[in-house]
Each structure stands twice: as structure tokens, then as C-alpha cells.
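> So I've got this file, upload.csv, and it contains CSV, C-alpha atoms and all ligand atoms:
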```
chain,number,residue,atom,x,y,z
A,1,MET,CA,-13.9,16.0,-10.6
A,2,LEU,CA,-12.2,13.0,-8.8
A,3,ARG,CA,-10.2,11.9,-11.9
A,4,THR,CA,-6.5,11.9,-11.3
A,5,ARG,CA,-3.3,10.5,-12.7
A,6,ILE,CA,-0.3,8.8,-11.1
A,7,CYS,CA,2.7,8.0,-13.2
A,8,ASN,CA,0.6,8.5,-16.3
A,9,ILE,CA,-2.0,6.0,-15.2
A,10,GLU,CA,-5.5,7.4,-15.4
A,11,LEU,CA,-7.6,6.9,-12.3
A,12,ARG,CA,-11.3,7.6,-12.0
A,13,ASN,CA,-10.7,8.6,-8.4
A,14,PRO,CA,-7.7,8.7,-6.0
A,15,THR,CA,-8.6,5.7,-3.9
A,16,MET,CA,-6.9,2.3,-4.1
A,17,LEU,CA,-7.3,-1.1,-2.5
A,18,ALA,CA,-4.2,-1.6,-0.2
A,19,ALA,CA,-2.0,-4.7,-0.6
A,20,GLY,CA,-3.0,-7.8,1.4
A,21,VAL,CA,-6.8,-7.2,1.8
A,22,MET,CA,-9.1,-8.9,-0.7
A,23,GLY,CA,-6.2,-9.0,-3.2
A,24,SER,CA,-5.6,-12.7,-3.6
A,25,MET,CA,-8.1,-13.5,-6.3
A,26,ALA,CA,-9.2,-11.9,-9.6
A,27,SER,CA,-12.8,-12.1,-8.6
A,28,SER,CA,-12.3,-10.0,-5.4
A,29,LEU,CA,-10.0,-7.5,-7.2
A,30,ASN,CA,-12.7,-7.1,-9.8
A,31,ARG,CA,-15.4,-6.8,-7.1
A,32,VAL,CA,-13.4,-4.1,-5.2
A,33,TYR,CA,-13.0,-2.1,-8.5
A,34,ARG,CA,-16.8,-2.4,-9.3
A,35,ALA,CA,-17.5,-1.2,-5.7
A,36,GLY,CA,-15.7,2.1,-6.5
A,37,ALA,CA,-11.9,1.9,-6.0
A,38,GLY,CA,-9.9,3.9,-8.5
A,39,ALA,CA,-7.2,1.1,-8.6
A,40,VAL,CA,-6.5,-2.2,-6.9
A,41,VAL,CA,-3.3,-3.7,-5.5
A,42,THR,CA,-2.8,-7.4,-5.2
A,43,LYS,CA,-1.7,-9.3,-2.1
A,44,SER,CA,2.1,-9.4,-2.1
A,45,PHE,CA,3.5,-12.5,-3.9
A,46,SER,CA,6.9,-14.0,-4.4
A,47,LEU,CA,8.8,-16.2,-6.8
A,48,GLU,CA,8.1,-19.5,-4.9
A,49,PRO,CA,4.9,-20.4,-3.1
A,50,ASN,CA,4.9,-19.5,0.6
A,51,GLU,CA,2.6,-21.0,3.2
A,52,GLY,CA,2.8,-18.2,5.7
A,53,TYR,CA,2.2,-18.5,9.5
A,54,LYS,CA,-0.3,-20.7,11.2
A,55,ASN,CA,-3.5,-19.4,12.7
A,56,PRO,CA,-4.2,-17.1,14.5
A,57,THR,CA,-2.8,-14.6,12.1
A,58,THR,CA,-4.9,-11.5,13.0
A,59,VAL,CA,-6.2,-10.1,16.2
A,60,GLU,CA,-8.3,-7.0,16.9
A,61,VAL,CA,-6.9,-4.4,19.3
A,62,THR,CA,-8.0,-0.8,20.2
A,63,GLY,CA,-7.8,1.3,17.1
A,64,GLY,CA,-7.1,-1.4,14.6
A,65,ILE,CA,-5.7,-4.9,14.1
A,66,ILE,CA,-2.4,-6.7,14.4
A,67,ASN,CA,-1.6,-9.2,11.7
A,68,ALA,CA,1.1,-11.7,11.0
A,69,ILE,CA,0.0,-13.6,8.0
A,70,GLY,CA,3.5,-14.2,6.8
A,71,LEU,CA,3.1,-13.2,3.2
A,72,SER,CA,1.4,-16.4,2.3
A,73,ASN,CA,0.9,-16.8,-1.5
A,74,PRO,CA,0.9,-19.4,-4.2
A,75,GLY,CA,4.0,-18.1,-6.0
A,76,VAL,CA,4.2,-16.0,-9.1
A,77,ASP,CA,3.3,-18.7,-11.7
A,78,ALA,CA,0.0,-19.5,-10.0
A,79,PHE,CA,-0.6,-15.8,-9.2
A,80,LYS,CA,-0.4,-15.0,-12.9
A,81,GLU,CA,-3.6,-16.9,-13.5
A,82,GLU,CA,-5.4,-14.4,-11.1
A,83,LEU,CA,-3.8,-11.4,-12.8
A,84,ARG,CA,-5.1,-12.7,-16.2
A,85,GLY,CA,-8.6,-12.8,-14.7
A,86,VAL,CA,-8.7,-9.2,-13.7
A,87,ASP,CA,-10.9,-7.2,-16.1
A,88,ASP,CA,-9.1,-5.0,-18.7
A,89,ASP,CA,-10.5,-1.7,-17.5
A,90,VAL,CA,-9.2,-2.2,-13.9
A,91,PRO,CA,-6.0,-0.3,-13.1
A,92,LEU,CA,-4.0,-3.1,-11.6
A,93,ILE,CA,-1.0,-2.9,-9.3
A,94,ALA,CA,1.0,-6.0,-8.5
A,95,SER,CA,2.6,-6.1,-5.0
A,96,ILE,CA,5.7,-8.2,-5.1
A,97,TYR,CA,8.4,-9.3,-2.6
A,98,GLY,CA,11.6,-11.3,-2.6
A,99,SER,CA,14.7,-11.9,-0.5
A,100,SER,CA,17.2,-10.4,-2.9
A,101,PRO,CA,17.4,-7.8,-5.7
A,102,GLU,CA,17.6,-10.6,-8.3
A,103,GLU,CA,14.5,-12.3,-6.9
A,104,PHE,CA,12.5,-9.1,-7.0
A,105,ALA,CA,13.6,-8.5,-10.6
A,106,ARG,CA,12.6,-12.0,-11.7
A,107,VAL,CA,9.1,-11.7,-10.2
A,108,ALA,CA,8.6,-8.2,-11.6
A,109,ALA,CA,9.7,-9.2,-15.1
A,110,SER,CA,7.4,-12.1,-15.2
A,111,VAL,CA,4.3,-10.1,-14.4
A,112,GLU,CA,4.8,-6.7,-15.9
A,113,GLU,CA,2.8,-7.6,-19.0
A,114,TYR,CA,-0.4,-8.0,-16.9
A,115,VAL,CA,-0.2,-4.9,-14.7
A,116,ASP,CA,-0.2,-1.1,-14.9
A,117,MET,CA,2.3,-0.7,-12.0
A,118,ILE,CA,4.4,-2.7,-9.6
A,119,GLU,CA,4.6,-2.0,-5.9
A,120,LEU,CA,7.7,-3.3,-4.1
A,121,ASN,CA,7.0,-4.6,-0.6
A,122,VAL,CA,10.2,-3.9,1.2
A,123,SER,CA,8.3,-3.0,4.3
A,124,CYS,CA,6.4,-5.9,5.8
A,125,PRO,CA,7.2,-5.9,9.6
A,126,HIS,CA,6.7,-9.6,10.2
A,127,ALA,CA,8.2,-11.2,7.1
A,128,MET,CA,10.7,-14.1,7.1
A,129,ALA,CA,14.4,-13.2,7.5
A,130,GLY,CA,15.8,-11.3,4.6
A,131,CYS,CA,12.4,-10.1,3.3
A,132,GLY,CA,10.1,-7.2,4.0
A,133,ALA,CA,11.2,-4.5,6.4
A,134,SER,CA,14.7,-5.9,6.8
A,135,ILE,CA,15.2,-4.6,3.2
A,136,GLY,CA,13.3,-1.4,3.6
A,137,GLN,CA,15.2,-0.5,6.8
A,138,ASP,CA,18.5,-0.4,4.9
A,139,ALA,CA,18.9,2.4,2.4
A,140,SER,CA,21.5,0.7,0.2
A,141,LEU,CA,19.6,-2.6,0.0
A,142,THR,CA,16.5,-0.6,-0.9
A,143,PHE,CA,18.5,1.1,-3.6
A,144,ARG,CA,19.7,-2.2,-5.0
A,145,VAL,CA,16.2,-3.8,-5.0
A,146,VAL,CA,14.6,-0.8,-6.8
A,147,SER,CA,17.5,-0.5,-9.3
A,148,ALA,CA,17.3,-4.2,-10.1
A,149,VAL,CA,13.5,-4.0,-10.8
A,150,LYS,CA,13.8,-0.8,-12.8
A,151,ASP,CA,16.5,-2.4,-15.0
A,152,VAL,CA,14.0,-5.1,-16.2
A,153,VAL,CA,10.6,-3.5,-16.3
A,154,GLY,CA,9.0,-0.6,-18.3
A,155,VAL,CA,5.9,-0.2,-16.1
A,156,PRO,CA,6.0,2.4,-13.3
A,157,VAL,CA,7.3,1.1,-10.0
A,158,SER,CA,6.2,2.3,-6.5
A,159,THR,CA,8.3,1.4,-3.5
A,160,LYS,CA,6.3,0.8,-0.3
A,161,LEU,CA,8.1,2.1,2.8
A,162,THR,CA,8.1,1.0,6.4
A,163,PRO,CA,7.5,3.6,9.2
A,164,ASN,CA,9.8,1.5,11.4
A,165,VAL,CA,13.0,3.3,10.6
A,166,THR,CA,15.0,6.1,12.2
A,167,ASP,CA,14.6,8.4,9.2
A,168,ILE,CA,12.0,7.5,6.6
A,169,VAL,CA,13.3,10.4,4.4
A,170,GLU,CA,16.6,8.7,3.9
A,171,ILE,CA,15.0,5.5,2.7
A,172,ALA,CA,12.6,7.5,0.5
A,173,LYS,CA,15.4,9.3,-1.2
A,174,SER,CA,17.4,6.1,-1.8
A,175,ALA,CA,14.3,4.6,-3.6
A,176,GLU,CA,13.9,7.8,-5.6
A,177,ASP,CA,17.6,7.9,-6.5
A,178,ALA,CA,17.3,4.3,-7.7
A,179,GLY,CA,14.6,5.3,-10.1
A,180,SER,CA,11.4,4.5,-8.2
A,181,ASP,CA,8.6,6.3,-10.0
A,182,ALA,CA,6.4,6.7,-6.9
A,183,LEU,CA,6.4,5.8,-3.2
A,184,THR,CA,3.7,4.1,-1.1
A,185,LEU,CA,3.7,4.9,2.5
A,186,ILE,CA,3.2,3.3,5.0
A,187,ASN,CA,3.1,-0.4,5.6
A,188,SER,CA,1.9,-1.6,8.9
A,189,LEU,CA,3.5,-0.3,12.1
A,190,GLY,CA,5.5,-2.2,14.6
A,191,PRO,CA,5.8,-5.1,15.1
A,192,GLY,CA,3.3,-5.0,18.0
A,193,MET,CA,1.8,-7.8,20.0
A,194,LYS,CA,-1.2,-8.8,22.1
A,195,ILE,CA,-1.1,-11.2,25.0
A,196,ASP,CA,-4.1,-13.3,26.1
A,197,ILE,CA,-4.4,-12.8,29.8
A,198,LYS,CA,-6.2,-16.1,30.3
A,199,THR,CA,-3.4,-18.2,28.9
A,200,ALA,CA,-0.5,-15.7,29.5
A,201,LYS,CA,0.5,-16.4,25.9
A,202,PRO,CA,0.8,-14.2,22.8
A,203,VAL,CA,-2.3,-14.4,20.7
A,204,LEU,CA,-0.7,-14.6,17.3
A,205,SER,CA,1.1,-17.7,16.3
A,206,ASN,CA,4.0,-15.6,15.3
A,207,ALA,CA,3.7,-13.6,18.6
A,208,PHE,CA,4.4,-10.3,16.7
A,209,GLY,CA,2.6,-8.6,13.9
A,210,GLY,CA,2.0,-5.3,12.1
A,211,MET,CA,-0.4,-2.8,13.4
A,212,SER,CA,-2.9,-1.2,11.0
A,213,GLY,CA,-6.2,0.7,11.1
A,214,PRO,CA,-7.3,4.1,12.5
A,215,ALA,CA,-4.7,4.2,15.3
A,216,ILE,CA,-1.7,4.4,12.8
A,217,LYS,CA,-3.2,7.2,10.7
A,218,PRO,CA,-1.3,10.0,12.5
A,219,VAL,CA,2.0,8.2,11.9
A,220,ALA,CA,1.2,7.6,8.3
A,221,VAL,CA,0.1,11.3,7.7
A,222,ARG,CA,3.4,12.5,9.3
A,223,CYS,CA,5.4,10.1,7.1
A,224,VAL,CA,3.7,11.5,3.9
A,225,TYR,CA,4.2,15.1,5.1
A,226,ASP,CA,7.9,14.5,5.9
A,227,VAL,CA,8.7,12.7,2.7
A,228,TYR,CA,6.7,15.1,0.5
A,229,ARG,CA,9.1,17.9,1.4
A,230,ASN,CA,12.1,15.9,0.4
A,231,VAL,CA,11.3,14.0,-2.9
A,232,GLU,CA,9.9,14.9,-6.3
A,233,ILE,CA,8.1,11.7,-7.1
A,234,PRO,CA,4.4,11.1,-6.4
A,235,LEU,CA,3.3,9.7,-3.0
A,236,ILE,CA,0.5,7.2,-2.3
A,237,GLY,CA,-0.7,7.5,1.3
A,238,VAL,CA,-1.9,4.5,3.3
A,239,GLY,CA,-2.7,3.8,7.0
A,240,GLY,CA,-6.0,4.1,8.8
A,241,VAL,CA,-8.1,5.7,6.0
A,242,ARG,CA,-11.8,5.1,6.9
A,243,ASP,CA,-13.6,8.1,5.6
A,244,PHE,CA,-13.2,11.1,3.2
A,245,ARG,CA,-11.7,13.2,6.0
A,246,ASP,CA,-8.8,10.8,6.3
A,247,ALA,CA,-8.3,10.9,2.6
A,248,VAL,CA,-8.3,14.7,2.6
A,249,GLU,CA,-5.7,14.8,5.3
A,250,PHE,CA,-3.4,12.5,3.2
A,251,LEU,CA,-3.9,14.7,0.1
A,252,PHE,CA,-3.2,17.9,2.1
A,253,ALA,CA,0.0,16.2,3.5
A,254,GLY,CA,1.2,15.5,0.0
A,255,ALA,CA,-0.3,12.2,-1.3
A,256,VAL,CA,-1.8,12.1,-4.8
A,257,ALA,CA,-3.9,9.0,-3.9
A,258,VAL,CA,-4.8,6.9,-0.8
A,259,GLN,CA,-5.1,3.2,-0.2
A,260,VAL,CA,-7.5,1.5,2.1
A,261,GLY,CA,-6.9,-1.8,3.9
A,262,THR,CA,-8.2,-2.5,7.4
A,263,ALA,CA,-11.3,-0.4,7.0
A,264,ILE,CA,-12.6,-2.8,4.4
A,265,MET,CA,-12.8,-5.4,7.1
A,266,TYR,CA,-15.1,-3.1,9.1
A,267,ASP,CA,-17.1,-1.6,6.3
A,268,GLY,CA,-16.8,-3.8,3.2
A,269,PRO,CA,-15.8,-2.7,-0.3
A,270,GLU,CA,-18.6,-0.2,-0.4
A,271,ILE,CA,-16.3,2.0,1.6
A,272,PHE,CA,-14.7,3.2,-1.6
A,273,MET,CA,-18.0,4.7,-2.9
A,274,ARG,CA,-18.6,6.4,0.4
A,275,ILE,CA,-15.1,7.9,0.6
A,276,CYS,CA,-15.5,9.2,-3.0
A,277,ARG,CA,-18.9,10.7,-2.4
A,278,GLY,CA,-17.7,12.4,0.8
A,279,LEU,CA,-14.5,13.7,-1.0
A,280,GLU,CA,-16.5,15.1,-3.9
A,281,GLY,CA,-18.9,16.9,-1.5
A,282,PHE,CA,-15.9,18.3,0.4
A,283,MET,CA,-14.4,19.6,-2.8
A,284,ILE,CA,-17.6,21.2,-4.0
A,285,GLU,CA,-18.1,22.9,-0.6
A,286,ARG,CA,-14.5,24.2,-0.5
A,287,GLY,CA,-14.2,25.1,-4.2
A,288,PHE,CA,-11.6,22.6,-5.3
A,289,SER,CA,-12.1,21.6,-8.9
A,290,SER,CA,-9.5,18.8,-9.0
A,291,VAL,CA,-7.6,16.5,-6.6
A,292,ASP,CA,-4.3,18.0,-7.8
A,293,GLU,CA,-5.3,21.4,-6.3
A,294,MET,CA,-5.4,19.7,-2.8
A,295,VAL,CA,-2.1,17.9,-2.9
A,296,GLY,CA,0.4,19.3,-0.4
A,297,LEU,CA,-1.7,22.2,0.8
A,298,ALA,CA,-0.7,21.6,4.4
A,299,HIS,CA,2.8,22.8,3.4
A,300,GLU,CA,1.8,26.2,2.1
A,301,GLY,CA,3.2,29.1,4.0
A,302,ARG,CA,5.3,26.8,6.2
A,401,LIG,C1,-4.5,-8.5,6.9
A,401,LIG,C2,-3.5,-7.6,6.3
A,401,LIG,C3,-2.6,-8.1,5.3
A,401,LIG,C4,-1.7,-7.3,4.7
A,401,LIG,N1,-0.9,-7.8,3.7
A,401,LIG,C5,0.0,-7.0,3.1
A,401,LIG,C6,0.7,-7.5,2.0
A,401,LIG,O1,0.6,-8.6,1.5
A,401,LIG,N2,1.6,-6.6,1.4
A,401,LIG,C7,1.8,-5.3,1.8
A,401,LIG,O2,2.6,-4.6,1.2
A,401,LIG,N3,1.0,-4.8,2.8
A,401,LIG,C8,0.2,-5.6,3.4
A,401,LIG,N4,-0.6,-5.1,4.5
A,401,LIG,C9,-0.4,-3.7,4.9
A,401,LIG,C10,-1.5,-2.8,4.2
A,401,LIG,O3,-1.4,-2.8,2.8
A,401,LIG,C11,-1.4,-1.4,4.7
A,401,LIG,O4,-0.1,-0.8,4.3
A,401,LIG,C12,-1.5,-1.2,6.2
A,401,LIG,O5,-2.5,-2.2,6.7
A,401,LIG,C13,-2.0,0.2,6.6
A,401,LIG,O6,-3.2,0.5,6.0
A,401,LIG,P1,-4.6,0.3,6.7
A,401,LIG,O7,-4.6,0.9,8.1
A,401,LIG,O8,-5.6,1.0,5.8
A,401,LIG,O9,-4.9,-1.2,6.8
A,401,LIG,C14,-1.6,-5.9,5.1
A,401,LIG,C15,-2.4,-5.4,6.0
A,401,LIG,C16,-3.4,-6.2,6.6
A,401,LIG,C17,-4.3,-5.6,7.7
```
Output the file's structure in the form of C-alpha cells.

Amino acid sequence: MLRTRICNIELRNPTMLAAGVMGSMASSLNRVYRAGAGAVVTKSFSLEPNEGYKNPTTVEVTGGIINAIGLSNPGVDAFKEELRGVDDDVPLIASIYGSSPEEFARVAASVEEYVDMIELNVSCPHAMAGCGASIGQDASLTFRVVSAVKDVVGVPVSTKLTPNVTDIVEIAKSAEDAGSDALTLINSLGPGMKIDIKTAKPVLSNAFGGMSGPAIKPVAVRCVYDVYRNVEIPLIGVGGVRDFRDAVEFLFAGAVAVQVGTAIMYDGPEIFMRICRGLEGFMIERGFSSVDEMVGLAHEGR
């Protein structure tokens, strides 16, 4: 009943691990899949190793967390070892980033043989200059990054969008026009910050970071709803999903699958099984026989 497809990739259910949480090692990617996720997304990686920011890199706030990890990763060559270690039956999505269309294309080409899909992180709100949201806030740069990757890979590509723009539909359309096969929305919101009132200093070493968790869900659902009305390609919803009701909202808004990030820090990887059981119960109770029947229902009659 929960089986679904995105860009011709068969998923046993519509839940996915979001980029950046438990996605740095093959062992944890395998573990999250065994715990029930329908697919897993790696932590974002780049051509060269990147140390990221100093600690503290995360802080809890009301309704979620703020993080500025700084896209730390060991670089594509080392990351390939982890990709090789992911079990064959696990639908695997590589999240990649770079500072230019050419860099994105080089990373994508060198990992496509190991993965089922590539997700382009053009949306991190606290990345170094020239990376992350500074790309995804510019429609023509987004177009060039997506085109460069699509020119060199055969696997489907999803472009992960930032909510921190004036008009997310404009960016979504430029990614679609450039050939993106799907869109993932949204990356963390902000940047935001927290100040320690004892020291009168920002808590995070980078001062600012991206907000994630339950508090951002209404923004994420609105982004999915808004983009669904304006593009043809499938949408993957992410932002604040913690139980099956959240997943249902995203499906009704127009997503074909949902990713889960911050909630894993609260509830552990078992959260995937719980969301799937709850979703199945909801579908039986409401007479839905497939996930597809639920996608975009919030738009009917509007
Ligand atoms: C600790 C942490 C690290 C993250 N790292 C990445 C990353 O490497 N690449 C990326 O595209 N998104 C990253 N994200 C964003 C998540 O994938 C997701 O888009 C966002 O957190 C909203 O979903 P959530 O509320 O379920 O966490 C990260 C989020 C968190 C909390």
C-alpha cells in the first residue's frame, strides 16, 4: 500500500532520510534503511574535503534546532568509499554541493555509478561564500548548475530549494527548465541565531545557522503547495516531519515523498517505521489504496 515511485525509482514507502543527519557513513545509511526509511540521502559532499565550522555547531531552540555545521565532509574521493559500502537494495541519493556549475558537474559525474539519484544542495543557508543558498537564491545560477549536472549524468537529479527567497516558484521553474527531474523542498530556514544571555555572545561559532524541526513545517508545506501548482515534476517535501500527520499534510500539499531530518535526533531512526505504520492506518481508515491518490488533494476544488 505504501509502495511508490519517484523518477522511476521504486520505493517501499514514501519516507526518506534527509541530507545531513546520519548520512556521513555507509553503516548509518544502512541502519536508517533497515529501520524503515524508503530511501536515504547522504550528507552533502563536495569535490575537496571541507572542515566545516568549529563547535558549537548546533543549538536547540523552541520548535527545533539551529545548525551551522558548515558542510563539513571528507571530499568526494573519500566519500565514494562510503557509497560503495551501502547495501545494494538501499535506494541511495547523493547530496552534493559545489561553488560553480563545473564543480557540481565533476562531483556528480564521479559518483553517479553508485547512486540512484543525485540531490543538488543549492540551498544551505550557512554555507561558505559562493555555495549553498547563494546559488539557490539566483534563478540563472540555479539554471546553470542544474544544466551542467544534467549534461553529464544519466541518473535522475533533484534540486533542493531554499525557502529564503522572494519567490520560490521562480527558482523552482528555473530548475525545472534546466532539466531537474524532481525538486526537494525545503532546506533549513533562516539563517537564524541564538544569543547566550550569560555571556552576551552568539551560541554558534558561526553566529548564524539554519532553523529546522517542527517550527518550520508550516513554511515547508506552503512552499510545496505553492510550487506544486506551477511545475510538472515530482516534489519531495522536507521540514519538520515528525509523525504521519505531518507526512499526510505534505502529500496533500503535493509532495510524492517526505524526508525526515531533525526528528531523528529526538526519536531515533525508528521514527520511519512509526510514520509508515501511522500513514498506513490513516490510508485504510480514509479509503486510500495508494500514496498517489493522496498527492495534491489539498488543491482540489480550489
Ligand atoms: C544537523 C543538520 C545538518 C544538515 N545538513 C544538511 C546537508 O548536509 N545538506 C542539505 O542539503 N541539508 C542539510 N540539512 C537540512 C535538512 O536536510 C532539512 O532540509 C532541514 O533540516 C529541514 O528538515 P527537518 O526539519 O526534518 O530537519 C541539515 C539539517 C540539520 C538539522
> Report, in Å to a single decimal, how far apart atom C10 of ligand LIG 401 (chain A) and atom CA of A:Met16 are.
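One can read the atom CA of A:Met16 to atom C10 of ligand LIG 401 (chain A) distance as 11.1 Å.
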> Would you compute, for all listed atoms of stretch 282-295 of chain A, the axis-aligned bounding box grown by 4 Å on each side, and then report its centre and edge lengths in Å rounded to one decimal, as JSON?

```
{"center_x": -10.1, "center_y": 20.8, "center_z": -4.3, "size_x": 24.0, "size_y": 16.6, "size_z": 17.4}
```
> Check the smallest atom-to-atom distance from each of A:Gly38, A:Gly240, A:Gly254, A:Gly85 to ligand LIG 401 (chain A) using all atoms listed in the file, then report the winner.
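The shortest atom-to-atom distance to ligand LIG 401 (chain A) comes from A:Gly240.
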> What lies within 9 Å of stretch 298-302 of chain A using only C-alpha atoms, ignoring chain neighbours under 5 positions off, as a PyMOL selection string?
chain A and resi 225+229+249+251-254
> Around ligand LIG 401 (chain A), out to 8 Å and counting only C-alpha atoms and all ligand atoms, which residues are there? I want them as a PyMOL selection string.
chain A and resi 18-21+42-45+58+64-69+71-72+95-96+119-124+160+185-189+210-217+238-242+259-263
> May I have the residues from that selection written out with C-alpha atoms, as a compact mmCIF listing (two decimals), keeping the file's coordinate frame?

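File again_0.txt, as written:
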```txt
# COMPACT_ATOMS: atom_id res chain seq x y z
CA ALA A 18 -4.20 -1.60 -0.20
CA ALA A 19 -2.00 -4.70 -0.60
CA GLY A 20 -3.00 -7.80 1.40
CA VAL A 21 -6.80 -7.20 1.80
CA THR A 42 -2.80 -7.40 -5.20
CA LYS A 43 -1.70 -9.30 -2.10
CA SER A 44 2.10 -9.40 -2.10
CA PHE A 45 3.50 -12.50 -3.90
CA THR A 58 -4.90 -11.50 13.00
CA GLY A 64 -7.10 -1.40 14.60
CA ILE A 65 -5.70 -4.90 14.10
CA ILE A 66 -2.40 -6.70 14.40
CA ASN A 67 -1.60 -9.20 11.70
CA ALA A 68 1.10 -11.70 11.00
CA ILE A 69 0.00 -13.60 8.00
CA LEU A 71 3.10 -13.20 3.20
CA SER A 72 1.40 -16.40 2.30
CA SER A 95 2.60 -6.10 -5.00
CA ILE A 96 5.70 -8.20 -5.10
CA GLU A 119 4.60 -2.00 -5.90
CA LEU A 120 7.70 -3.30 -4.10
CA ASN A 121 7.00 -4.60 -0.60
CA VAL A 122 10.20 -3.90 1.20
CA SER A 123 8.30 -3.00 4.30
CA CYS A 124 6.40 -5.90 5.80
CA LYS A 160 6.30 0.80 -0.30
CA LEU A 185 3.70 4.90 2.50
CA ILE A 186 3.20 3.30 5.00
CA ASN A 187 3.10 -0.40 5.60
CA SER A 188 1.90 -1.60 8.90
CA LEU A 189 3.50 -0.30 12.10
CA GLY A 210 2.00 -5.30 12.10
CA MET A 211 -0.40 -2.80 13.40
CA SER A 212 -2.90 -1.20 11.00
CA GLY A 213 -6.20 0.70 11.10
CA PRO A 214 -7.30 4.10 12.50
CA ALA A 215 -4.70 4.20 15.30
CA ILE A 216 -1.70 4.40 12.80
CA LYS A 217 -3.20 7.20 10.70
CA VAL A 238 -1.90 4.50 3.30
CA GLY A 239 -2.70 3.80 7.00
CA GLY A 240 -6.00 4.10 8.80
CA VAL A 241 -8.10 5.70 6.00
CA ARG A 242 -11.80 5.10 6.90
CA GLN A 259 -5.10 3.20 -0.20
CA VAL A 260 -7.50 1.50 2.10
CA GLY A 261 -6.90 -1.80 3.90
CA THR A 262 -8.20 -2.50 7.40
CA ALA A 263 -11.30 -0.40 7.00
```
> Could you check the closest approach to A:Leu2 for each of A:Glu285, A:Asp138, A:Glu232, A:Glu280 and tell me which residue wins, using only C-alpha atoms?
A:Glu280
> List the neighbours of A:Phe282 out to 9 Å using only C-alpha atoms; skip same-chain residues closer than 6 positions along the sequence, and give me the result as a list in words.
Phe244, Arg245, Val248 and Phe288 of chain A
> With only C-alpha atoms as the atoms that count, which of A:Pro91, A:Gly278, A:Gly136, A:Pro56 lies nearest to A:Asn8?
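Ranked by minimum distance to A:Asn8, first place goes to A:Pro91.
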> Please report the interatomic distance between atom CA of A:Thr57 and atom CA of A:Leu204 in Å with one decimal.
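For atom CA of A:Thr57 relative to atom CA of A:Leu204, the distance reads 5.6 Å.
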> Between A:Asn164, A:Gln137, A:Ser27, A:Ser110, which is the closest to A:Val152 once you count all atoms listed in the file?
A:Ser110
> Rounded to one decimal in Å, what is the spacing between atom CA of A:Ile93 and atom CA of A:Pro74?
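Result for atom CA of A:Ile93 versus atom CA of A:Pro74: 17.4 Å, one decimal.
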> I need the residue nearest A:Lys80 from this list: A:Val59, A:Ala255, A:Ile264, A:Val111. Use all atoms listed in the file for the distance.
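The closest residue to A:Lys80 is A:Val111.
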